[in-house]
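> Dropping in entry.csv, with CSV, C-alpha atoms.
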```csv
chain,number,residue,atom,x,y,z
A,1,MET,CA,0.0,0.0,0.0
A,2,ASN,CA,1.8,3.1,-1.2
A,3,LEU,CA,-0.2,6.2,-0.7
A,4,THR,CA,2.5,8.8,-0.2
A,5,THR,CA,1.3,12.3,-1.0
A,6,SER,CA,3.6,14.5,1.1
A,7,LYS,CA,5.7,14.6,4.2
A,8,SER,CA,3.6,14.3,7.3
A,9,PRO,CA,3.3,17.6,9.3
A,10,GLU,CA,5.0,17.9,12.6
A,11,PHE,CA,2.7,18.5,15.6
A,12,THR,CA,3.8,20.4,18.8
A,13,LYS,CA,1.9,20.9,22.0
A,14,HIS,CA,-0.3,24.0,21.7
A,15,TYR,CA,-2.4,23.9,24.9
A,16,SER,CA,-3.1,21.7,27.9
A,17,THR,CA,-5.2,21.7,31.0
A,18,LYS,CA,-6.7,19.2,33.4
A,19,LEU,CA,-10.3,18.1,34.2
A,20,ALA,CA,-11.4,16.5,37.4
A,21,ASP,CA,-11.6,13.0,35.9
A,22,TYR,CA,-11.3,10.7,32.9
A,23,VAL,CA,-12.0,12.6,29.6
A,24,THR,CA,-15.0,10.8,28.1
A,25,ALA,CA,-15.7,12.7,24.9
A,26,LEU,CA,-14.3,15.5,22.6
A,27,ALA,CA,-15.9,17.3,19.7
A,28,TRP,CA,-15.0,20.2,17.4
A,29,SER,CA,-17.6,22.6,16.0
A,30,SER,CA,-18.0,22.3,12.3
A,31,GLN,CA,-15.8,25.3,11.5
A,32,GLY,CA,-13.3,24.4,14.2
A,33,GLU,CA,-13.6,27.5,16.3
A,34,ILE,CA,-14.6,25.6,19.4
A,35,LEU,CA,-13.6,22.3,21.1
A,36,ALA,CA,-16.0,20.8,23.6
A,37,ALA,CA,-14.8,18.2,26.2
A,38,SER,CA,-16.5,16.2,28.9
A,39,SER,CA,-15.4,14.2,31.8
A,40,ALA,CA,-16.5,11.2,34.0
A,41,ALA,CA,-17.0,13.8,36.8
A,42,GLY,CA,-19.8,15.4,34.7
A,43,GLU,CA,-17.8,18.5,33.6
A,44,VAL,CA,-18.4,20.1,30.2
A,45,VAL,CA,-15.8,22.7,29.0
A,46,LEU,CA,-15.3,24.7,25.8
A,47,TRP,CA,-11.9,25.7,24.4
A,48,GLU,CA,-12.1,28.7,22.1
A,49,ASN,CA,-9.3,31.1,21.1
A,50,GLY,CA,-7.0,29.6,23.7
A,51,GLU,CA,-9.5,30.2,26.5
A,52,LEU,CA,-11.4,27.6,28.5
A,53,THR,CA,-15.0,28.1,29.5
A,54,THR,CA,-17.0,25.8,31.8
A,55,LEU,CA,-20.5,25.1,30.6
A,56,GLN,CA,-21.2,22.5,33.4
A,57,THR,CA,-19.3,21.9,36.6
A,58,ALA,CA,-18.7,18.5,38.1
A,59,THR,CA,-21.9,16.7,39.0
A,60,ASP,CA,-20.4,13.3,40.0
A,61,LYS,CA,-22.4,11.7,37.2
A,62,ALA,CA,-20.4,11.1,34.0
A,63,VAL,CA,-21.1,12.9,30.7
A,64,ASN,CA,-20.7,10.0,28.3
A,65,CYS,CA,-21.2,11.7,24.9
A,66,LEU,CA,-21.4,15.1,23.3
A,67,ALA,CA,-21.7,16.5,19.7
A,68,PHE,CA,-22.1,19.8,17.8
A,69,SER,CA,-24.9,20.2,15.2
A,70,HIS,CA,-23.8,20.3,11.6
A,71,ASP,CA,-23.9,24.1,11.6
A,72,GLY,CA,-22.1,24.5,14.9
A,73,LYS,CA,-25.1,26.3,16.4
A,74,TYR,CA,-26.1,23.6,19.0
A,75,LEU,CA,-24.1,21.4,21.4
A,76,ALA,CA,-25.8,18.3,22.9
A,77,ILE,CA,-24.6,16.2,25.8
A,78,GLY,CA,-25.8,12.9,27.4
A,79,GLY,CA,-24.8,11.0,30.4
A,80,GLN,CA,-25.4,8.9,33.5
A,81,ASP,CA,-28.1,11.2,34.9
A,82,GLY,CA,-30.3,10.3,31.9
A,83,LYS,CA,-30.5,13.9,30.8
A,84,VAL,CA,-29.9,15.2,27.3
A,85,LYS,CA,-29.0,18.8,27.5
A,86,ILE,CA,-28.8,21.1,24.4
A,87,TRP,CA,-27.0,24.5,24.4
A,88,CYS,CA,-27.4,27.2,21.8
A,89,GLU,CA,-24.5,29.7,21.9
A,90,ASN,CA,-23.7,28.7,25.5
A,91,GLN,CA,-27.3,29.1,26.6
A,92,LEU,CA,-29.0,26.0,27.8
A,93,ILE,CA,-32.2,25.8,25.7
A,94,SER,CA,-33.6,22.3,26.5
A,95,THR,CA,-33.2,19.5,28.9
A,96,LEU,CA,-34.8,16.1,28.1
A,97,GLU,CA,-35.3,14.0,31.2
A,98,ASN,CA,-34.8,10.2,30.7
A,99,ALA,CA,-33.7,8.9,34.1
A,100,PRO,CA,-33.0,6.2,35.2
A,101,VAL,CA,-31.9,5.3,31.7
A,102,TRP,CA,-28.3,6.4,30.9
A,103,VAL,CA,-27.7,8.3,27.6
A,104,ASP,CA,-24.4,7.1,26.2
A,105,GLN,CA,-24.8,7.6,22.4
A,106,LEU,CA,-25.9,10.7,20.5
A,107,ALA,CA,-25.4,12.1,17.0
A,108,TRP,CA,-26.6,15.1,15.0
A,109,SER,CA,-27.9,14.8,11.5
A,110,PRO,CA,-25.3,16.1,9.0
A,111,THR,CA,-28.0,18.0,7.1
A,112,HIS,CA,-30.7,19.0,9.6
A,113,ASN,CA,-30.8,20.1,13.2
A,114,GLN,CA,-32.1,16.8,14.4
A,115,LEU,CA,-30.5,14.9,17.2
A,116,ALA,CA,-30.6,11.1,17.6
A,117,PHE,CA,-29.9,9.7,21.1
A,118,SER,CA,-30.0,6.3,22.8
A,119,LEU,CA,-32.5,5.3,25.5
A,120,GLY,CA,-32.0,1.7,26.3
A,121,ARG,CA,-33.3,-0.3,23.4
A,122,TYR,CA,-34.7,2.8,21.7
A,123,VAL,CA,-33.3,5.8,19.8
A,124,GLN,CA,-35.2,9.1,19.9
A,125,ILE,CA,-35.0,11.8,17.3
A,126,TRP,CA,-35.3,15.4,18.7
A,127,ASP,CA,-35.8,18.4,16.4
A,128,ALA,CA,-34.1,21.6,17.4
A,129,ASP,CA,-36.5,23.7,15.4
A,130,THR,CA,-39.6,22.5,17.1
A,131,LEU,CA,-37.9,21.5,20.4
A,132,GLU,CA,-39.8,18.2,20.2
A,133,VAL,CA,-39.1,14.5,19.9
A,134,ILE,CA,-40.3,13.6,16.3
A,135,ALA,CA,-39.6,9.8,16.3
A,136,THR,CA,-38.9,6.9,18.5
A,137,LEU,CA,-37.0,3.9,16.9
A,138,ASN,CA,-37.2,0.5,18.5
A,139,PHE,CA,-34.0,-1.6,18.2
A,140,ASN,CA,-35.7,-4.5,20.0
A,141,ASP,CA,-32.7,-6.9,20.4
A,142,SER,CA,-30.5,-5.0,22.9
A,143,SER,CA,-29.4,-1.7,24.2
A,144,ILE,CA,-27.9,0.7,21.6
A,145,LEU,CA,-24.1,0.5,21.0
A,146,GLY,CA,-23.7,3.1,18.3
A,147,ILE,CA,-25.5,5.7,16.2
A,148,ASP,CA,-24.3,7.0,12.8
A,149,TRP,CA,-26.0,9.1,10.2
A,150,ARG,CA,-25.0,8.7,6.6
A,151,LYS,CA,-23.3,11.9,5.5
A,152,ASP,CA,-26.1,12.9,3.1
A,153,GLY,CA,-28.6,12.7,6.0
A,154,LYS,CA,-30.8,10.1,4.3
A,155,TYR,CA,-30.2,7.1,6.5
A,156,LEU,CA,-29.5,6.5,10.2
A,157,ALA,CA,-27.7,3.3,11.3
A,158,ILE,CA,-28.0,1.9,14.8
A,159,ASN,CA,-26.1,-1.1,16.0
A,160,GLY,CA,-26.2,-3.7,18.9
A,161,TYR,CA,-26.9,-7.4,19.4
A,162,LYS,CA,-27.7,-9.2,16.1
A,163,GLY,CA,-26.4,-6.5,13.8
A,164,VAL,CA,-27.2,-3.1,12.4
A,165,LYS,CA,-30.6,-1.5,11.6
A,166,ILE,CA,-30.8,1.3,9.0
A,167,TRP,CA,-33.7,3.6,8.9
A,168,SER,CA,-34.7,5.9,6.1
A,169,THR,CA,-34.9,9.5,7.5
A,170,GLN,CA,-37.6,10.3,4.9
A,171,ASP,CA,-40.0,7.9,6.7
A,172,TRP,CA,-39.2,6.9,10.3
A,173,ASP,CA,-42.2,4.5,10.3
A,174,GLU,CA,-40.9,2.5,7.4
A,175,GLU,CA,-39.4,-0.9,8.4
A,176,PRO,CA,-35.6,-0.5,8.7
A,177,PHE,CA,-33.1,-2.4,6.5
A,178,MET,CA,-31.3,-5.1,8.6
A,179,LEU,CA,-27.6,-6.1,8.4
A,180,SER,CA,-28.1,-9.3,10.4
A,181,MET,CA,-25.5,-11.3,12.3
A,182,SER,CA,-25.6,-13.8,15.1
A,183,THR,CA,-23.3,-11.8,17.3
A,184,VAL,CA,-23.0,-8.2,18.7
A,185,SER,CA,-22.1,-5.3,16.4
A,186,THR,CA,-19.7,-3.5,18.8
A,187,ALA,CA,-18.6,-0.6,16.5
A,188,MET,CA,-20.1,0.7,13.3
A,189,ALA,CA,-19.5,3.5,10.8
A,190,TRP,CA,-20.5,4.8,7.4
A,191,SER,CA,-17.8,5.8,5.0
A,192,GLY,CA,-17.7,9.5,4.1
A,193,ASP,CA,-19.1,8.8,0.6
A,194,GLY,CA,-22.0,6.8,2.0
A,195,GLU,CA,-21.1,3.8,-0.2
A,196,TYR,CA,-20.0,1.5,2.6
A,197,LEU,CA,-21.1,0.6,6.1
A,198,ALA,CA,-18.6,-1.2,8.4
A,199,SER,CA,-19.5,-3.2,11.5
A,200,GLY,CA,-16.9,-4.5,13.9
A,201,ASN,CA,-18.2,-7.5,15.8
A,202,MET,CA,-17.9,-9.3,19.2
A,203,ASP,CA,-17.0,-12.6,17.5
A,204,ARG,CA,-13.8,-11.0,16.1
A,205,THR,CA,-15.1,-10.4,12.6
A,206,LEU,CA,-15.5,-7.3,10.5
A,207,THR,CA,-18.5,-6.9,8.2
A,208,VAL,CA,-18.4,-4.4,5.3
A,209,LEU,CA,-21.6,-3.7,3.4
A,210,GLN,CA,-21.6,-1.9,0.1
A,211,TRP,CA,-24.9,0.0,0.0
A,212,GLU,CA,-27.4,-1.7,-2.4
A,213,ASN,CA,-25.2,-4.8,-2.6
A,214,PRO,CA,-26.9,-7.7,-0.8
A,215,ASP,CA,-23.7,-9.6,-0.1
A,216,PRO,CA,-21.4,-8.1,2.5
A,217,TRP,CA,-17.8,-8.9,3.0
A,218,VAL,CA,-16.8,-10.7,6.2
A,219,MET,CA,-13.2,-10.5,7.4
A,220,ARG,CA,-11.9,-12.7,10.2
A,221,GLY,CA,-8.7,-13.3,12.3
A,222,PHE,CA,-8.7,-10.4,14.8
A,223,PRO,CA,-7.1,-11.0,18.2
A,224,GLY,CA,-10.2,-9.8,20.1
A,225,LYS,CA,-13.5,-8.0,19.6
A,226,ILE,CA,-13.3,-4.9,17.4
A,227,ARG,CA,-13.5,-1.8,19.4
A,228,HIS,CA,-13.1,1.1,17.0
A,229,LEU,CA,-13.5,1.9,13.3
A,230,ALA,CA,-12.4,4.8,11.2
A,231,TRP,CA,-12.8,5.6,7.5
A,232,SER,CA,-10.4,7.9,5.6
A,233,GLU,CA,-12.1,10.8,3.8
A,234,LEU,CA,-9.7,10.3,0.9
A,235,LYS,CA,-10.0,7.4,-1.4
A,236,ALA,CA,-7.2,4.9,-2.2
A,237,PRO,CA,-6.2,4.4,-5.9
A,238,THR,CA,-8.8,1.5,-6.1
A,239,GLY,CA,-11.6,4.1,-5.6
A,240,ALA,CA,-12.7,3.2,-2.1
A,241,PRO,CA,-11.7,4.8,1.2
A,242,ILE,CA,-9.4,3.0,3.6
A,243,LEU,CA,-10.9,1.4,6.7
A,244,ALA,CA,-8.9,1.4,10.0
A,245,VAL,CA,-10.0,-1.2,12.6
A,246,SER,CA,-8.6,-1.5,16.2
A,247,SER,CA,-8.7,-4.7,18.2
A,248,VAL,CA,-6.9,-5.0,21.6
A,249,GLU,CA,-3.5,-3.3,20.9
A,250,GLY,CA,-3.4,-3.7,17.2
A,251,ILE,CA,-4.7,-1.8,14.1
A,252,VAL,CA,-5.6,-3.3,10.8
A,253,LEU,CA,-5.9,-1.2,7.7
A,254,TRP,CA,-8.2,-2.5,5.0
A,255,GLU,CA,-8.0,-1.4,1.3
A,256,LYS,CA,-10.4,-2.6,-1.3
A,257,SER,CA,-8.7,-4.7,-3.9
A,258,VAL,CA,-8.9,-4.1,-7.6
A,259,ASP,CA,-9.7,-7.8,-7.9
A,260,GLU,CA,-13.4,-8.2,-6.8
A,261,SER,CA,-12.7,-11.9,-5.9
A,262,VAL,CA,-10.1,-10.8,-3.3
A,263,GLY,CA,-12.4,-8.3,-1.7
A,264,TRP,CA,-10.3,-6.2,0.9
A,265,GLU,CA,-6.6,-6.6,1.6
A,266,ALA,CA,-5.2,-6.0,5.1
A,267,GLN,CA,-2.1,-4.4,6.5
A,268,VAL,CA,-1.3,-4.7,10.2
A,269,LEU,CA,0.1,-1.7,12.2
A,270,THR,CA,1.8,-2.6,15.5
A,271,ASN,CA,3.3,-0.3,18.1
A,272,HIS,CA,0.9,0.0,21.0
A,273,VAL,CA,1.3,-2.3,24.0
A,274,ASP,CA,-2.1,-1.9,25.5
A,275,ILE,CA,-5.7,-1.5,24.4
A,276,ILE,CA,-6.4,1.2,21.8
A,277,ASN,CA,-9.1,3.6,23.0
A,278,ALA,CA,-9.6,5.7,19.8
A,279,ILE,CA,-8.5,5.9,16.2
A,280,SER,CA,-9.2,8.6,13.6
A,281,PHE,CA,-7.9,9.7,10.2
A,282,ALA,CA,-7.0,13.3,9.7
A,283,PRO,CA,-9.4,15.2,7.4
A,284,GLN,CA,-8.5,14.8,3.7
A,285,SER,CA,-5.5,12.7,4.6
A,286,PHE,CA,-4.2,9.2,5.1
A,287,ILE,CA,-2.5,10.2,8.4
A,288,LEU,CA,-4.0,8.1,11.2
A,289,ALA,CA,-4.0,8.9,14.9
A,290,SER,CA,-4.3,6.2,17.5
A,291,ALA,CA,-4.7,6.8,21.3
A,292,GLY,CA,-3.9,4.0,23.7
A,293,ALA,CA,-4.3,3.0,27.3
A,294,ASP,CA,-0.5,2.6,27.2
A,295,GLY,CA,-0.1,6.4,27.4
A,296,TRP,CA,0.9,6.7,23.7
A,297,LEU,CA,-0.8,8.7,21.0
A,298,CYS,CA,0.7,7.6,17.7
A,299,LEU,CA,0.6,9.4,14.3
A,300,TRP,CA,0.9,7.0,11.4
A,301,ASP,CA,2.0,8.5,8.1
A,302,GLU,CA,0.9,7.7,4.5
A,303,ASN,CA,3.5,4.9,4.4
A,304,LYS,CA,1.9,3.4,7.5
A,305,GLU,CA,4.9,4.1,9.7
A,306,VAL,CA,4.9,5.9,13.0
A,307,SER,CA,5.9,9.5,12.4
A,308,GLN,CA,5.3,10.9,15.9
A,309,ILE,CA,4.5,9.6,19.4
A,310,PHE,CA,3.1,11.8,22.2
A,311,THR,CA,3.3,10.6,25.8
A,312,ASP,CA,1.8,13.6,27.6
A,313,THR,CA,-0.5,11.7,30.0
A,314,GLU,CA,0.1,10.3,33.5
A,315,ALA,CA,-1.8,7.1,32.6
A,316,GLY,CA,-3.4,6.4,29.3
A,317,PHE,CA,-5.2,8.3,26.5
A,318,SER,CA,-8.9,7.9,26.5
A,319,THR,CA,-10.1,9.7,23.4
A,320,LEU,CA,-9.0,12.0,20.5
A,321,SER,CA,-10.5,14.3,17.9
A,322,TRP,CA,-9.1,16.0,14.8
A,323,HIS,CA,-9.9,19.7,14.0
A,324,PRO,CA,-12.1,19.8,10.8
A,325,GLN,CA,-9.1,21.3,8.8
A,326,GLY,CA,-6.6,19.0,10.4
A,327,GLN,CA,-4.2,21.6,11.9
A,328,PHE,CA,-5.1,20.7,15.5
A,329,LEU,CA,-5.3,17.4,17.2
A,330,ALA,CA,-7.0,17.1,20.6
A,331,ALA,CA,-6.8,14.2,23.0
A,332,GLY,CA,-8.1,13.4,26.5
A,333,GLY,CA,-6.5,11.4,29.2
A,334,GLU,CA,-7.6,8.8,31.8
A,335,GLN,CA,-6.4,11.2,34.5
A,336,GLY,CA,-8.3,14.2,33.1
A,337,GLU,CA,-5.7,15.7,30.8
A,338,LEU,CA,-7.0,17.7,27.9
A,339,ILE,CA,-4.2,18.4,25.4
A,340,ILE,CA,-4.2,20.1,22.0
A,341,TRP,CA,-1.3,19.9,19.5
A,342,SER,CA,-1.0,22.0,16.4
A,343,THR,CA,1.0,22.0,13.2
A,344,SER,CA,2.8,25.2,12.1
A,345,LEU,CA,-0.4,25.9,10.2
A,346,GLY,CA,-2.4,26.0,13.4
A,347,ASN,CA,0.0,28.2,15.4
```
Please, can you express the file's structure as structure tokens?

Amino acid sequence: MNLTTSKSPEFTKHYSTKLADYVTALAWSSQGEILAASSAAGEVVLWENGELTTLQTATDKAVNCLAFSHDGKYLAIGGQDGKVKIWCENQLISTLENAPVWVDQLAWSPTHNQLAFSLGRYVQIWDADTLEVIATLNFNDSSILGIDWRKDGKYLAINGYKGVKIWSTQDWDEEPFMLSMSTVSTAMAWSGDGEYLASGNMDRTLTVLQWENPDPWVMRGFPGKIRHLAWSELKAPTGAPILAVSSVEGIVLWEKSVDESVGWEAQVLTNHVDIINAISFAPQSFILASAGADGWLCLWDENKEVSQIFTDTEAGFSTLSWHPQGQFLAAGGEQGELIIWSTSLGN
């Protein structure tokens, strides 16, 4: 796999602070002006122009997930208290009470100000324009493990036990398409072009569905359950994006073969010595970042070699997030560290 396009940029530490507990989630606004971060202590903070603003102080109940709407206008959080809170320009505009159910998954539509969030075996769709829940989707088989909108906003995928269900956003009442399996789909993601849906599974397999093709590919041989998936925005020479998959301390990169009978070809990346907690491709790049419980954040260049390693945490890294233009990389630590690195472009 030779995808060299240019020398990888060097990143240097730009900002760091510390929250009260494990950093649970990070999200950049769509234009990249604001970084939101949450912690297992319930804090929610915003980093903007080098300044940190606290939206929510520690509550002793973890915030599990947060996300900005596609236009950056709204920020939503969910957590152990069962509440979904939505801010508009730092003003709390709505609180949805769902206790005692935890809310640990949420995602905004990429085209409308509609928020999908998990409630046990259900997902609800909340509309920011009407401030009302407009749909309730029943997953049936288990609690929800992931929510991902296709980038054109036309489909919403939800995963858990027995596979992935995909709803058409044009008609929430229509029966969903089912990518069925006998095991648990532990991680799931649409490719940026909307052509592929990947599911990492509890039985150490990877399923890749090409939309409107009834026969998915199934890849085997992983050392443990698949924890994280990431698609590159750029496409490889074969015309498909690259899929990165993490299992235990290893990463496998999958590139679609020109030969249809071969399917997808794998390349293994090894450097971490403990569980990988997050992986993500830089925007419009084949540079991959991986954050591990070993306390290493690795940057892999286009040749799939480690170009930089950051070891700025007291324990391990818990999560990471790329700036939408790629000039900043943010990461959270298991001891509450919040760190932002920048390229020369970002300084």
> Write out as a PyMOL selection string the residues lying within 12 Å of Thr343 of chain A, counting all atoms listed in the file and excluding same-chain residues fewer than 6 positions away.
chain A and resi 8-14+322-323+325-330
> Kindly export the residues of the current selection with C-alpha atoms, as a short mmCIF file (atom, residue, chain, number, x, y, z; two decimals), keeping the file's coordinate frame.

```cif
data_model
loop_
_atom_site.label_atom_id
_atom_site.label_comp_id
_atom_site.auth_asym_id
_atom_site.auth_seq_id
_atom_site.Cartn_x
_atom_site.Cartn_y
_atom_site.Cartn_z
CA SER A 8 3.60 14.30 7.30
CA PRO A 9 3.30 17.60 9.30
CA GLU A 10 5.00 17.90 12.60
CA PHE A 11 2.70 18.50 15.60
CA THR A 12 3.80 20.40 18.80
CA LYS A 13 1.90 20.90 22.00
CA HIS A 14 -0.30 24.00 21.70
CA TRP A 322 -9.10 16.00 14.80
CA HIS A 323 -9.90 19.70 14.00
CA GLN A 325 -9.10 21.30 8.80
CA GLY A 326 -6.60 19.00 10.40
CA GLN A 327 -4.20 21.60 11.90
CA PHE A 328 -5.10 20.70 15.50
CA LEU A 329 -5.30 17.40 17.20
CA ALA A 330 -7.00 17.10 20.60
#
```
> Give me the residues within 6 Å of Gly79 of chain A as a ChimeraX atom specification, counting all atoms listed in the file and dropping any in the same chain fewer than 2 places off.
/A:62-64,81-82,102-104
> Nearest to Glu233 of chain A among A:Leu209, A:Cys298, A:Ile276, A:Ala282, with distances taken over all atoms listed in the file: which residue is it?
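Nearest to Glu233 of chain A: A:Ala282.
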> To one decimal place, how far is atom CA of Ile340 of chain A from atom CA of Gly295 of chain A in Å?
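That distance, rounded to one decimal, is 15.3 Å.
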> Compile the contact shell of Thr207 of chain A as a ChimeraX atom specification: residues with an atom at most 8 Å away, counting only C-alpha atoms, same-chain residues fewer than 4 positions apart removed.
/A:198-201,216-219
> Between A:Phe139, A:Trp172, A:Trp108, A:Tyr22, which is the closest to Gly120 of chain A once you count all atoms listed in the file?
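Selected residue with least distance to Gly120 of chain A: A:Phe139.
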> Rounded to one decimal, what separation in Å do you get between atom CA of Ser143 of chain A and atom CA of Met188 of chain A?
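Between atom CA of Ser143 of chain A and atom CA of Met188 of chain A the gap works out to 14.5 Å.
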> Smallest atom-to-atom distance to Trp211 of chain A: which of A:Ile166, A:Leu338, A:Val248, A:Asp141, using only C-alpha atoms?
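Comparing A:Ile166, A:Leu338, A:Val248, A:Asp141 against Trp211 of chain A, the winner is A:Ile166.
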> Leaving out Ser69 of chain A and any residue of its chain fewer than 6 positions from it, which residues lie within 10 Å of it when counting only C-alpha atoms, given as an NGL selection string?
:A and (29-30 or 75-76 or 88 or 107-115 or 128)
> What does the file look like for those residues with C-alpha atoms, as a PDB file, keeping the file's coordinate frame?

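Generated output (part-v5.pdb):
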```
ATOM      1  CA  SER A  29     -17.600  22.600  16.000  1.00  0.00           C
ATOM      2  CA  SER A  30     -18.000  22.300  12.300  1.00  0.00           C
ATOM      3  CA  LEU A  75     -24.100  21.400  21.400  1.00  0.00           C
ATOM      4  CA  ALA A  76     -25.800  18.300  22.900  1.00  0.00           C
ATOM      5  CA  CYS A  88     -27.400  27.200  21.800  1.00  0.00           C
ATOM      6  CA  ALA A 107     -25.400  12.100  17.000  1.00  0.00           C
ATOM      7  CA  TRP A 108     -26.600  15.100  15.000  1.00  0.00           C
ATOM      8  CA  SER A 109     -27.900  14.800  11.500  1.00  0.00           C
ATOM      9  CA  PRO A 110     -25.300  16.100   9.000  1.00  0.00           C
ATOM     10  CA  THR A 111     -28.000  18.000   7.100  1.00  0.00           C
ATOM     11  CA  HIS A 112     -30.700  19.000   9.600  1.00  0.00           C
ATOM     12  CA  ASN A 113     -30.800  20.100  13.200  1.00  0.00           C
ATOM     13  CA  GLN A 114     -32.100  16.800  14.400  1.00  0.00           C
ATOM     14  CA  LEU A 115     -30.500  14.900  17.200  1.00  0.00           C
ATOM     15  CA  ALA A 128     -34.100  21.600  17.400  1.00  0.00           C
TER      16      ALA A 128
END
```
> Would you be able to write out as a JSON list (two decimals) with C-alpha atoms, keeping the file's coordinate frame which residues have an atom within 6 Å of (0.1, 3.9, 18.9) in the file's coordinates, counting all atoms listed in the file?

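Writing the result to result_35.json gives the following:
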```json
[["chain", "number", "residue", "atom", "x", "y", "z"],
["A", 271, "ASN", "CA", 3.30, -0.30, 18.10],
["A", 272, "HIS", "CA", 0.90, 0.00, 21.00],
["A", 290, "SER", "CA", -4.30, 6.20, 17.50],
["A", 296, "TRP", "CA", 0.90, 6.70, 23.70],
["A", 297, "LEU", "CA", -0.80, 8.70, 21.00],
["A", 298, "CYS", "CA", 0.70, 7.60, 17.70]]
```
> Dig up all the protein and nucleic acid residues within 7 Å of (-14.1, 19.1, 24.4) in the file frame, using only C-alpha atoms, and format them as a list of chain:residue names.
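With a cut-off of 7 Å, the residues come to A:Ala25, A:Leu26, A:Ala27, A:Leu35, A:Ala36, A:Ala37, A:Ser38, A:Val45, A:Leu46, A:Trp47.
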> If I only have part of segment 160-165 of chain A, can you fill in all heavy atoms and write it as a PDB file, in the coordinates of the input?

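Output below, filename out.pdb:
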```
ATOM      1  N   GLY A 160     -26.107  -2.974  17.589  1.00  0.00           N
ATOM      2  CA  GLY A 160     -26.200  -3.700  18.900  1.00  0.00           C
ATOM      3  C   GLY A 160     -26.184  -5.165  18.630  1.00  0.00           C
ATOM      4  O   GLY A 160     -25.611  -5.657  17.648  1.00  0.00           O
ATOM      5  N   TYR A 161     -26.864  -5.895  19.510  1.00  0.00           N
ATOM      6  CA  TYR A 161     -26.900  -7.400  19.400  1.00  0.00           C
ATOM      7  C   TYR A 161     -27.718  -7.723  18.100  1.00  0.00           C
ATOM      8  O   TYR A 161     -28.744  -7.132  17.794  1.00  0.00           O
ATOM      9  CB  TYR A 161     -27.623  -7.947  20.604  1.00  0.00           C
ATOM     10  CG  TYR A 161     -27.798  -9.446  20.569  1.00  0.00           C
ATOM     11  CD1 TYR A 161     -26.721 -10.287  20.323  1.00  0.00           C
ATOM     12  CD2 TYR A 161     -29.048 -10.015  20.791  1.00  0.00           C
ATOM     13  CE1 TYR A 161     -26.882 -11.662  20.292  1.00  0.00           C
ATOM     14  CE2 TYR A 161     -29.225 -11.395  20.768  1.00  0.00           C
ATOM     15  CZ  TYR A 161     -28.131 -12.210  20.509  1.00  0.00           C
ATOM     16  OH  TYR A 161     -28.286 -13.573  20.471  1.00  0.00           O
ATOM     17  N   LYS A 162     -27.177  -8.674  17.366  1.00  0.00           N
ATOM     18  CA  LYS A 162     -27.700  -9.200  16.100  1.00  0.00           C
ATOM     19  C   LYS A 162     -27.581  -8.291  14.910  1.00  0.00           C
ATOM     20  O   LYS A 162     -28.183  -8.533  13.872  1.00  0.00           O
ATOM     21  CB  LYS A 162     -29.218  -9.598  16.286  1.00  0.00           C
ATOM     22  CG  LYS A 162     -29.412 -10.806  17.205  1.00  0.00           C
ATOM     23  CD  LYS A 162     -30.828 -11.330  17.132  1.00  0.00           C
ATOM     24  CE  LYS A 162     -30.962 -12.596  17.973  1.00  0.00           C
ATOM     25  NZ  LYS A 162     -32.345 -13.110  17.975  1.00  0.00           N
ATOM     26  N   GLY A 163     -26.736  -7.229  15.036  1.00  0.00           N
ATOM     27  CA  GLY A 163     -26.400  -6.500  13.800  1.00  0.00           C
ATOM     28  C   GLY A 163     -26.700  -5.015  13.836  1.00  0.00           C
ATOM     29  O   GLY A 163     -26.703  -4.354  14.876  1.00  0.00           O
ATOM     30  N   VAL A 164     -26.980  -4.496  12.619  1.00  0.00           N
ATOM     31  CA  VAL A 164     -27.200  -3.100  12.400  1.00  0.00           C
ATOM     32  C   VAL A 164     -28.554  -2.878  11.722  1.00  0.00           C
ATOM     33  O   VAL A 164     -28.888  -3.585  10.763  1.00  0.00           O
ATOM     34  CB  VAL A 164     -26.098  -2.474  11.491  1.00  0.00           C
ATOM     35  CG1 VAL A 164     -26.274  -0.965  11.356  1.00  0.00           C
ATOM     36  CG2 VAL A 164     -24.706  -2.805  12.016  1.00  0.00           C
ATOM     37  N   LYS A 165     -29.333  -1.922  12.236  1.00  0.00           N
ATOM     38  CA  LYS A 165     -30.600  -1.500  11.600  1.00  0.00           C
ATOM     39  C   LYS A 165     -30.409  -0.159  10.976  1.00  0.00           C
ATOM     40  O   LYS A 165     -29.820   0.735  11.596  1.00  0.00           O
ATOM     41  CB  LYS A 165     -31.746  -1.530  12.585  1.00  0.00           C
ATOM     42  CG  LYS A 165     -32.146  -2.922  13.068  1.00  0.00           C
ATOM     43  CD  LYS A 165     -33.361  -2.859  13.974  1.00  0.00           C
ATOM     44  CE  LYS A 165     -33.771  -4.261  14.430  1.00  0.00           C
ATOM     45  NZ  LYS A 165     -34.982  -4.234  15.283  1.00  0.00           N
TER      46      LYS A 165
END
```
